[in-house]
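Have a look at the structure below before the remarks.
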Amino acid sequence: MIIKGDSTEYELITKHICKLKLEPVVLTCEIGLREGLGSKIIMDAIRELNPKFHKHIAVDPYNNFSYEHYDNEGSVVAGYTEEMKQKTVSYLYQNYPEFDFYHMTDEYYFKTMGEGHQIVLNQELLLFGLYQAVHLDGPHTTKAIIEELSFFIPRMTYKGLIIIDDFKDLQMGIVDMLLKTYNFNVAEEGDNKIIYQKEI
């Protein structure tokens, strides 16, 4: 199976993850799995750095329901089907032991997973909830991005990366001000993706 993406500039994700100095335990997340390329790119990049433990979370409701994808667009059906989910998730589970899929909306993930994730390390059950890198590629409305940032900003590690897809479709003045208020600065701005990094 060929893992696909519906965006561009995935190489920026690899570039900035590969610059990181990781802690032994690493948590990453993608909002909007779709056909899986963003998550694959993140996991491949983390593998190059070989942390002791890595868990990657992908969040996507699929099921082809109608929602507002961009500001002022109205609700549309984006074509993210059950068949797409089955193919993508099955492949990633088979090839990436660090992969974990949450079949839900981003809003429900934020309501239920704020305390962190259970992991087993050295035969001990731990709760871990600090993210090293997140890729925001789900709903591309400014409201949705603000909600996503409100969840992730207080849960990012030092030098953590927040990657925003299709950023030029957002009201970036609000988004940029929020991130910079919490000491995230622009690490790189592309044509489609913008990457912020936590400085303190």
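In the structure tokens, the first chain shown is A, the next is B, and so on; residue numbers restart at 1 for each chain, and ligands run from 1 in the order shown.
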
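Using only C-alpha atoms, the contacts of Glu188 of chain A at a cut-off of 12 Å, with sequence neighbours closer than 3 positions omitted, comprise Glu9, Glu11, Leu12, Ile13, Lys15, His16, Leu161, Ile162, Ile163, Ile164, Phe184, Asn185, Asp191, Asn192, Lys193, Ile194, Ile195, Tyr196 and Gln197 of chain A.
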
Problem - Test item: residues at most 12 Å from segment 124-127 of chain A, only C-alpha atoms, excluding those fewer than 5 positions along its chain, as a PyMOL selection string - result: chain A and resi 25+27+113-119

Practice task
Tell me which of A:Thr141, A:Asn63, A:Ser90, A:Ser39 sits closest to Asp169 of chain A, counting only C-alpha atoms.
Solution key: A:Thr141

Exercise for the section: Assign secondary structure with DSSP using the backbone only, and return the residues of chain A in helix (DSSP H, G or I) as a ChimeraX atom specification. Expected result: /A:10-17,37-49,82-95,106-112,142-155,167-169,172-181

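Neighbours of Phe110 of chain A closer than or equal to 12 Å, with only C-alpha atoms counted and sequence neighbours fewer than 4 positions away skipped, come out as Ile31, Val59, Tyr102, Met104, Thr105, Asp106, Gly114, Glu115, Gly116, Gly129, Ala144, Glu147, Glu148, Leu149, Ser150, Phe151, Phe152 and Arg155 of chain A.
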
Problem - DSSP strand (DSSP E or B) residues within segment 92-170 of chain A, as a ChimeraX atom specification - result: /A:99-102,117-121,124-128,131-136,140,156-165

Completion exercise
Min atom-atom distance to His54 of chain A from the set A:Val186, A:Leu136, A:Leu33, A:Val26, counting only C-alpha atoms, belongs to A:Val26

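With only C-alpha atoms as the basis for measurement, A:Leu49 is the residue among A:Leu37, A:Met156, A:Ile3, A:Leu49 that approaches Lys21 of chain A most closely.
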